[in-house]
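S.K.: Contents of input.txt (compact mmCIF, C-alpha atoms) are given next:
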```
# COMPACT_ATOMS: atom_id res chain seq x y z
CA MET T 259 244.32 13.95 100.55
CA GLU T 260 240.83 15.00 99.53
CA LYS T 261 238.45 12.29 98.44
CA LYS T 262 237.33 12.45 94.78
CA PHE T 263 233.60 12.36 94.17
CA THR T 264 231.33 12.21 91.15
CA GLU T 265 228.95 14.88 89.87
CA LYS T 266 225.97 12.87 91.19
CA GLU T 267 227.53 12.60 94.67
CA SER T 268 228.29 16.30 94.51
CA LEU T 269 224.66 17.19 93.81
CA ASP T 270 223.43 14.73 96.47
CA LEU T 271 225.74 16.38 98.99
CA ILE T 272 224.34 19.84 98.19
CA VAL T 273 220.74 18.64 98.45
CA GLY T 274 221.52 16.74 101.67
CA MET T 275 223.14 19.74 103.37
CA ILE T 276 220.35 22.10 102.34
CA GLU T 277 217.79 19.59 103.66
CA ASN T 278 219.84 19.26 106.84
CA ALA T 279 219.79 23.03 107.40
CA LYS T 280 216.03 23.41 107.00
CA THR T 281 214.77 26.02 109.38
CA ASN T 282 212.89 24.78 112.41
CA VAL T 283 211.09 26.76 115.02
CA ARG T 284 213.35 27.53 117.94
CA LYS T 285 212.77 28.31 121.59
CA GLY T 286 213.48 32.01 121.02
CA LEU T 287 210.33 32.46 118.94
CA GLY T 288 208.28 30.65 121.60
CA LYS T 289 209.40 33.20 124.23
CA HIS T 290 207.90 36.05 122.14
CA PHE T 291 204.60 34.17 121.86
CA LEU T 292 204.45 33.49 125.58
CA LEU T 293 205.32 37.10 126.46
CA TRP T 294 202.57 38.61 124.28
CA GLY T 295 200.11 35.78 124.97
CA TYR T 296 200.29 36.19 128.76
CA LEU T 297 200.35 40.00 128.61
CA VAL T 298 197.21 40.10 126.46
CA THR T 299 195.52 37.49 128.68
CA PHE T 300 196.28 39.55 131.79
CA ALA T 301 195.14 42.85 130.23
CA GLY T 302 192.03 41.23 128.72
CA LEU T 303 190.97 39.52 131.96
CA MET T 304 191.55 42.74 133.90
CA ASN T 305 189.32 44.55 131.41
CA PHE T 306 186.62 41.86 131.64
CA ILE T 307 186.59 41.49 135.43
CA PHE T 308 186.61 45.21 136.17
CA TRP T 309 184.32 46.11 133.28
CA GLY T 310 182.67 49.52 133.72
CA LYS T 311 185.54 51.07 135.71
CA SER T 312 187.56 53.63 133.75
CA TRP T 313 190.89 52.21 134.93
CA ALA T 314 189.96 48.71 133.69
CA PHE T 315 191.49 49.64 130.33
CA LEU T 316 194.84 50.62 131.80
CA GLY T 317 196.03 47.02 131.52
CA TRP T 318 196.17 47.47 127.74
CA LEU T 319 198.39 50.52 128.07
CA GLY T 320 200.60 48.84 130.69
CA MET T 321 201.02 45.87 128.38
CA LEU T 322 202.73 48.01 125.70
CA PRO T 323 205.97 49.07 127.44
CA ILE T 324 206.37 45.65 129.09
CA GLY T 325 205.80 43.86 125.76
CA ILE T 326 208.06 46.14 123.72
CA ILE T 327 210.93 46.24 126.25
CA GLY T 328 210.53 42.51 127.04
CA GLY T 329 210.45 41.68 123.32
CA PHE T 330 213.59 43.73 122.75
CA ILE T 331 215.43 41.94 125.60
CA ILE T 332 214.31 38.51 124.34
CA GLY T 333 215.37 39.42 120.78
CA ARG T 334 218.82 40.57 121.95
CA ARG T 335 219.33 37.43 124.03
CA ASN T 336 218.16 35.17 121.19
CA ALA T 337 220.56 36.86 118.75
CA ARG T 338 223.44 36.39 121.21
CA GLU T 339 222.65 32.75 121.89
CA ALA T 340 221.75 31.72 118.33
CA ARG T 341 224.10 29.25 116.72
CA TYR T 342 222.73 30.01 113.29
CA TYR T 343 220.52 32.67 111.79
CA THR T 344 218.55 32.07 108.61
CA HIS T 345 216.94 34.32 106.01
CA ILE T 346 213.56 33.05 107.25
CA ASP T 347 214.44 34.11 110.82
CA LYS T 348 215.22 37.58 109.52
CA ILE T 349 211.94 37.94 107.57
CA VAL T 350 209.82 36.51 110.40
CA GLY T 351 211.60 38.96 112.74
CA PHE T 352 210.50 41.85 110.50
CA VAL T 353 206.92 40.53 110.48
CA TRP T 354 206.82 40.54 114.30
CA THR T 355 208.40 43.98 114.49
CA GLY T 356 205.64 45.19 112.15
CA PHE T 357 203.06 43.44 114.33
CA SER T 358 204.40 45.07 117.50
CA ILE T 359 204.32 48.54 115.92
CA SER T 360 200.76 47.99 114.63
CA LEU T 361 199.67 46.70 118.03
CA ALA T 362 201.19 49.74 119.75
CA VAL T 363 199.62 52.21 117.29
CA ILE T 364 196.11 50.72 117.52
CA THR T 365 196.19 50.23 121.29
CA PHE T 366 197.41 53.75 121.91
CA ALA T 367 194.86 55.21 119.48
CA VAL T 368 191.97 53.41 121.18
CA PHE T 369 193.06 53.51 124.83
CA ASN T 370 194.81 56.86 124.67
CA PRO T 371 194.83 58.03 128.32
CA PHE T 372 193.84 61.53 127.24
CA MET T 373 190.68 60.15 125.61
CA LEU T 374 189.64 57.58 128.20
CA ILE T 375 186.69 59.68 129.15
CA ASN T 376 185.41 59.63 125.56
CA LEU T 377 185.91 55.91 125.07
CA THR T 378 182.94 54.80 123.02
CA ARG T 379 181.61 51.59 121.63
CA GLY T 380 182.54 52.96 118.17
CA ASN T 381 186.30 52.74 118.59
CA LEU T 382 186.15 49.64 120.77
CA PHE T 383 183.94 47.84 118.25
CA PHE T 384 186.84 47.60 115.80
CA PHE T 385 189.64 47.26 118.35
CA TYR T 386 189.35 43.56 119.21
CA PRO T 387 188.67 42.28 115.65
CA SER T 388 191.49 44.48 114.24
CA MET T 389 193.99 43.25 116.83
CA LEU T 390 193.00 39.63 116.32
CA THR T 391 193.27 40.03 112.53
CA ILE T 392 196.76 41.58 112.70
CA ALA T 393 197.85 38.89 115.17
CA ALA T 394 196.49 36.20 112.84
CA ILE T 395 198.48 37.56 109.87
CA ALA T 396 201.74 37.42 111.85
CA LEU T 397 200.90 33.92 113.13
CA PHE T 398 199.99 32.68 109.65
CA ILE T 399 203.21 33.96 108.03
CA SER T 400 205.36 32.53 110.85
CA GLY T 401 203.55 29.18 110.71
CA LYS T 402 203.96 28.89 106.96
CA ALA T 403 207.61 30.03 107.05
CA TYR T 404 208.58 27.50 109.73
CA GLN T 405 206.12 24.82 108.57
CA PHE T 406 204.73 24.67 112.10
CA LYS T 407 201.03 23.80 111.97
CA PRO T 408 199.97 24.90 115.50
CA LEU T 409 200.79 28.50 114.47
CA ILE T 410 198.67 28.16 111.32
CA TYR T 411 195.76 26.73 113.34
CA GLY T 412 196.29 29.57 115.84
CA ALA T 413 195.95 32.09 112.99
CA PHE T 414 192.62 30.59 111.90
CA ILE T 415 191.39 30.60 115.51
CA CYS T 416 192.28 34.32 115.79
CA TRP T 417 190.47 35.06 112.51
CA ALA T 418 187.42 33.11 113.72
CA CYS T 419 187.47 34.99 117.05
CA ALA T 420 187.68 38.30 115.12
CA VAL T 421 184.48 37.42 113.24
CA ILE T 422 182.72 36.27 116.45
CA CYS T 423 183.62 39.61 118.10
CA TYR T 424 181.34 41.44 115.65
CA PHE T 425 178.33 39.52 116.95
CA THR T 426 178.90 39.60 120.71
CA GLU T 427 178.46 42.13 123.49
CA LEU T 428 181.44 44.43 123.88
CA ARG T 429 182.27 43.09 127.34
CA TYR T 430 182.47 39.53 126.01
CA ASP T 431 184.66 40.69 123.12
CA THR T 432 187.49 41.02 125.66
CA LEU T 433 186.95 37.41 126.70
CA ILE T 434 186.92 36.17 123.09
CA TYR T 435 190.03 38.23 122.47
CA VAL T 436 191.75 36.50 125.41
CA ILE T 437 190.60 33.07 124.17
CA GLY T 438 192.05 33.89 120.70
CA PHE T 439 195.41 34.78 122.22
CA MET T 440 195.42 31.78 124.56
CA LEU T 441 194.76 29.34 121.73
CA GLY T 442 196.78 31.23 119.12
CA TYR T 443 199.77 32.29 121.20
CA ILE T 444 200.12 30.59 124.56
CA ILE T 445 199.49 26.99 123.46
CA PRO T 446 201.70 27.17 120.30
CA GLY T 447 204.26 29.13 122.38
CA HIS T 448 204.57 26.28 124.89
CA MET T 449 204.66 23.75 122.02
CA ILE T 450 207.55 25.66 120.41
CA MET T 451 209.43 25.78 123.71
CA HIS T 452 208.97 22.02 124.06
CA LYS T 453 209.92 21.32 120.41
CA GLY T 454 212.82 23.78 120.64
CA SER T 455 214.23 21.94 123.68
CA ASN T 456 214.11 18.61 121.84
CA THR T 457 215.60 20.12 118.66
CA ASN T 458 218.47 21.70 120.59
CA ARG T 459 219.33 18.32 122.04
CA ASN T 460 219.44 16.80 118.57
CA VAL T 461 221.31 19.56 116.66
CA MET I 31 236.12 15.26 83.54
CA PHE I 32 235.21 18.15 85.87
CA LYS I 33 237.83 20.42 84.34
CA ASP I 34 235.34 23.35 84.44
CA LEU I 35 234.42 22.86 88.07
CA ASP I 36 235.71 25.34 90.62
CA PRO I 37 238.51 23.50 92.48
CA ILE I 38 237.79 25.44 95.66
CA LEU I 39 234.23 24.11 95.76
CA HIS I 40 234.92 20.68 94.36
CA SER I 41 235.86 19.19 97.69
CA GLN I 42 233.36 17.33 99.86
CA LEU I 43 233.83 19.32 103.02
CA ARG I 44 234.13 22.74 101.40
CA LEU I 45 231.04 22.04 99.30
CA ALA I 46 229.18 20.88 102.41
CA ILE I 47 230.13 24.11 104.22
CA MET I 48 229.01 26.24 101.28
CA SER I 49 225.73 24.31 100.90
CA LEU I 50 225.02 24.83 104.58
CA LEU I 51 225.85 28.53 104.48
CA ILE I 52 223.76 29.08 101.35
CA SER I 53 220.75 27.75 103.31
CA VAL I 54 221.28 29.77 106.49
CA LYS I 55 222.24 33.42 106.62
CA GLN I 56 225.04 32.79 109.06
CA ALA I 57 226.19 30.00 111.34
CA ASP I 58 228.75 29.49 114.04
CA PHE I 59 231.73 27.14 113.78
CA VAL I 60 230.31 24.54 116.20
CA TYR I 61 227.02 24.33 114.28
CA ILE I 62 228.87 23.77 110.98
CA LYS I 63 231.11 21.19 112.64
CA GLU I 64 228.10 19.25 113.93
CA LYS I 65 226.17 19.44 110.66
CA THR I 66 229.13 18.38 108.52
CA GLY I 67 230.31 15.75 111.00
CA THR I 68 233.96 16.65 110.65
CA THR I 69 236.76 17.46 113.08
CA ALA I 70 237.49 20.99 114.29
CA GLY I 71 240.99 20.90 112.79
CA ASN I 72 239.84 19.83 109.33
CA LEU I 73 236.97 22.29 109.36
CA SER I 74 239.27 25.11 110.41
CA VAL I 75 241.59 24.45 107.45
CA GLN I 76 238.70 24.35 104.94
CA VAL I 77 237.05 27.46 106.38
CA GLU I 78 240.37 29.26 106.03
CA LYS I 79 240.60 28.21 102.34
CA LEU I 80 237.05 29.41 101.62
CA SER I 81 237.73 32.65 103.44
CA ALA I 82 241.00 33.20 101.51
CA ALA I 83 239.06 32.70 98.25
CA GLY I 84 236.61 35.38 99.41
CA TYR I 85 233.69 32.93 99.39
CA ILE I 86 232.89 33.30 103.07
CA GLU I 87 233.37 35.95 105.71
CA VAL I 88 234.65 34.88 109.11
CA THR I 89 233.99 36.97 112.21
CA LYS I 90 235.34 36.19 115.64
CA GLN I 91 233.39 37.44 118.63
CA PHE I 92 232.56 36.51 122.22
CA LYS I 93 229.43 34.68 123.34
CA GLY I 94 229.48 35.39 127.05
CA LYS I 95 232.97 34.37 128.20
CA TYR I 96 233.61 32.07 125.27
CA PRO I 97 234.96 32.90 121.80
CA GLN I 98 232.61 32.28 118.89
CA THR I 99 233.46 32.09 115.19
CA ILE I 100 230.67 33.15 112.84
CA CYS I 101 230.78 32.22 109.14
CA LYS I 102 228.72 33.99 106.53
CA ILE I 103 228.61 33.43 102.77
CA THR I 104 229.66 36.42 100.60
CA LYS I 105 228.19 37.63 97.27
CA LYS I 106 231.26 36.20 95.54
CA GLY I 107 230.62 32.90 97.31
CA ILE I 108 226.97 32.82 96.21
CA ALA I 109 227.99 33.52 92.59
CA ALA I 110 230.66 30.78 92.70
CA PHE I 111 228.19 28.31 94.23
CA GLU I 112 225.57 29.06 91.58
CA ALA I 113 228.15 28.65 88.81
CA TYR I 114 229.25 25.34 90.35
CA VAL I 115 225.68 23.99 90.53
CA LYS I 116 225.07 25.08 86.92
CA ALA I 117 228.24 23.30 85.79
CA ILE I 118 227.16 20.08 87.57
CA GLN I 119 223.73 20.30 86.01
CA ASN I 120 225.39 20.51 82.58
CA TYR I 121 227.38 17.36 83.33
CA LEU I 122 224.25 15.53 84.41
CA LYS I 123 222.30 16.47 81.28
CA PRO I 124 221.62 13.34 79.20
```
Can you present the structure in this file as structure tokens?

M.R.:
Amino acid sequence: MEKKFTEKESLDLIVGMIENAKTNVRKGLGKHFLLWGYLVTFAGLMNFIFWGKSWAFLGWLGMLPIGIIGGFIIGRRNAREARYYTHIDKIVGFVWTGFSISLAVITFAVFNPFMLINLTRGNLFFFYPSMLTIAAIALFISGKAYQFKPLIYGAFICWACAVICYFTELRYDTLIYVIGFMLGYIIPGHMIMHKGSNTNRNV
Amino acid sequence: MFKDLDPILHSQLRLAIMSLLISVKQADFVYIKEKTGTTAGNLSVQVEKLSAAGYIEVTKQFKGKYPQTICKITKKGIAAFEAYVKAIQNYLKP
């Protein structure tokens, strides 16, 4: 027989369950951060170390297919393994899809292989700050949605790095760009993986 | 007392399931079982009642080699839940 309960208990139960189901960051999101964080670090360091050689920029172009295909595989696997899927997960997913498309469009426009020979300081001048700004927006929305502060701090670091890029030599922009992604993506990515592992044990 | 309250929702476990599903877009059976702290048998019966009322949608699929039951709240379920909360709020008004 079902237990009778009062209106107050009923409301408490609703509030308790909603509180219980609050969205937390999960390991799946961390994998996306680590994928893009390490790809950008690799491409950026390649660009910095081999500065002056025309093929030094190819790392950026190589990053795109790996990131997009890798991101798709991670997304598929996350969806298959997820035990629950929230409205926030869906919106944050759209934000990162938008980020990936923007990243692909800007990178291809700047490092278009057909235009490598005409690569000028003009288009590169805006590349690093633009990319850092777009990355910061995605980080900021995700951090606020999941109430995960390292992502919010990461967003501010990326914005700060974007501003610094306007005052530094072009070659060092690549290094600042890498630093922005290391602090904004790789560190929070590992923190999410760690937090996600603990959360999964407690669910 | 409570004569206006939806009898389908006015049950601790069914209300807990609906509250959980209103917060998340969809959830699997094991997740709901863990969050509500009930037994699989009891949960199965209550899920069936909510599904029969059209408040939730139940999909069975495979996760690797293992079967997985996914529950998702319907528009009818959301409307019923909102009406239930409104009715409770009216009762609680001084």

S.K.: Which one is closest to Gln76 of chain I: I:Ile62, I:Gln98, I:Leu51, I:Leu43? Count only C-alpha atoms.

M.R.: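 Nearest to Gln76 of chain I: I:Leu43.
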
S.K.: Distance limit 10 Å, atoms considered: only C-alpha atoms. Which chain I residues sit that close to chain T? Return them as an NGL selection string.

M.R.: :I and (31-32 or 35 or 39-43 or 45-62 or 64-66 or 92-94 or 98-102 or 114-115 or 117-122)

S.K.: Create the file for the chosen residues now, containing C-alpha atoms and written as a short mmCIF file (atom, residue, chain, number, x, y, z; two decimals), in the frame of the given file.

M.R.:
```cif
data_model
loop_
_atom_site.label_atom_id
_atom_site.label_comp_id
_atom_site.auth_asym_id
_atom_site.auth_seq_id
_atom_site.Cartn_x
_atom_site.Cartn_y
_atom_site.Cartn_z
CA MET I 31 236.12 15.26 83.54
CA PHE I 32 235.21 18.15 85.87
CA LEU I 35 234.42 22.86 88.07
CA LEU I 39 234.23 24.11 95.76
CA HIS I 40 234.92 20.68 94.36
CA SER I 41 235.86 19.19 97.69
CA GLN I 42 233.36 17.33 99.86
CA LEU I 43 233.83 19.32 103.02
CA LEU I 45 231.04 22.04 99.30
CA ALA I 46 229.18 20.88 102.41
CA ILE I 47 230.13 24.11 104.22
CA MET I 48 229.01 26.24 101.28
CA SER I 49 225.73 24.31 100.90
CA LEU I 50 225.02 24.83 104.58
CA LEU I 51 225.85 28.53 104.48
CA ILE I 52 223.76 29.08 101.35
CA SER I 53 220.75 27.75 103.31
CA VAL I 54 221.28 29.77 106.49
CA LYS I 55 222.24 33.42 106.62
CA GLN I 56 225.04 32.79 109.06
CA ALA I 57 226.19 30.00 111.34
CA ASP I 58 228.75 29.49 114.04
CA PHE I 59 231.73 27.14 113.78
CA VAL I 60 230.31 24.54 116.20
CA TYR I 61 227.02 24.33 114.28
CA ILE I 62 228.87 23.77 110.98
CA GLU I 64 228.10 19.25 113.93
CA LYS I 65 226.17 19.44 110.66
CA THR I 66 229.13 18.38 108.52
CA PHE I 92 232.56 36.51 122.22
CA LYS I 93 229.43 34.68 123.34
CA GLY I 94 229.48 35.39 127.05
CA GLN I 98 232.61 32.28 118.89
CA THR I 99 233.46 32.09 115.19
CA ILE I 100 230.67 33.15 112.84
CA CYS I 101 230.78 32.22 109.14
CA LYS I 102 228.72 33.99 106.53
CA TYR I 114 229.25 25.34 90.35
CA VAL I 115 225.68 23.99 90.53
CA ALA I 117 228.24 23.30 85.79
CA ILE I 118 227.16 20.08 87.57
CA GLN I 119 223.73 20.30 86.01
CA ASN I 120 225.39 20.51 82.58
CA TYR I 121 227.38 17.36 83.33
CA LEU I 122 224.25 15.53 84.41
#
```

S.K.: Nearest residue to Ala420 of chain T out of T:Met440, T:Met389, T:Ile331, T:Ile395, using only C-alpha atoms?

M.R.: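 With only C-alpha atoms as the atom set, the closest residue is T:Met389.
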
S.K.: To one decimal place in Å, what is the distance between atom CA of Glu427 of chain T and atom CA of Phe308 of chain T?

M.R.: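 If I compute the distance from atom CA of Glu427 of chain T to atom CA of Phe308 of chain T, I get 15.4 Å.
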
S.K.: Which centre and edge lengths in Å to one decimal define the box along x, y and z that fits every listed atom of segment 59-73 of chain I plus 5 Å per side, as lines of an AutoDock Vina configuration file?

M.R.:
```
center_x = 233.6
center_y = 21.4
center_z = 112.4
size_x = 24.8
size_y = 21.4
size_z = 17.7
```

S.K.: In Å to one decimal, how far is atom CA of Gly84 of chain I from atom CA of Ala337 of chain T?

M.R.: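 Here the two named atoms are 25.2 Å from each other.
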
S.K.: What is the atom CA of Lys123 of chain I to atom CA of Ala110 of chain I distance in Å?

M.R.: 20.1 Å

S.K.: Using only C-alpha atoms for the distances, tell me which of T:Gln405, T:Ser400, T:Thr365, T:Thr426 is nearest to Leu316 of chain T.

M.R.: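 Selected residue with least distance to Leu316 of chain T: T:Thr365.
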
S.K.: Report as a list in words all protein, DNA and RNA residues lying within 10 Å of Phe385 of chain T, evaluated on only C-alpha atoms, omitting residues in the same chain fewer than 4 positions from it.

M.R.: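 That gives Ile364, Thr365, Ala367, Val368, Phe369, Arg379, Gly380, Asn381, Met389, Leu390, Thr391, Ala420, Cys423, Asp431, Thr432 and Tyr435 of chain T.
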
S.K.: Between T:His448, T:Ile437, T:Val421, T:Gly328, which one has atoms that come closest to Val298 of chain T, using only C-alpha atoms?

M.R.: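 Going through T:His448, T:Ile437, T:Val421, T:Gly328 one by one, the smallest distance to Val298 of chain T is for T:Ile437.
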
S.K.: Smallest atom-to-atom distance to Met304 of chain T: which of T:Lys289, T:Arg429, T:Arg334, T:Lys407, using all atoms listed in the file?

M.R.: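 Among the listed residues, T:Arg429 lies closest to Met304 of chain T.
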
S.K.: Do you know which residues are at most 12 Å from Ile307 of chain T counting all atoms listed in the file, after dropping those on the same chain fewer than 5 positions away, and could you put them as JSON, numbers by chain?

M.R.: {"T": [299, 300, 301, 302, 313, 314, 315, 317, 429, 430, 432, 433]}

S.K.: Please write the residues from the selection above to a file, keeping C-alpha atoms, as a short mmCIF file (atom, residue, chain, number, x, y, z; two decimals), in the frame of the given file.

M.R.:
```cif
data_model
loop_
_atom_site.label_atom_id
_atom_site.label_comp_id
_atom_site.auth_asym_id
_atom_site.auth_seq_id
_atom_site.Cartn_x
_atom_site.Cartn_y
_atom_site.Cartn_z
CA THR T 299 195.52 37.49 128.68
CA PHE T 300 196.28 39.55 131.79
CA ALA T 301 195.14 42.85 130.23
CA GLY T 302 192.03 41.23 128.72
CA TRP T 313 190.89 52.21 134.93
CA ALA T 314 189.96 48.71 133.69
CA PHE T 315 191.49 49.64 130.33
CA GLY T 317 196.03 47.02 131.52
CA ARG T 429 182.27 43.09 127.34
CA TYR T 430 182.47 39.53 126.01
CA THR T 432 187.49 41.02 125.66
CA LEU T 433 186.95 37.41 126.70
#
```

S.K.: For a quick check of understanding, using only C-alpha atoms, which of T:Leu292, T:Ile399, T:Leu319, T:Leu297 has the smallest distance to Ile445 of chain T?

M.R.: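 Among T:Leu292, T:Ile399, T:Leu319, T:Leu297, it is T:Leu292 that comes nearest to Ile445 of chain T.
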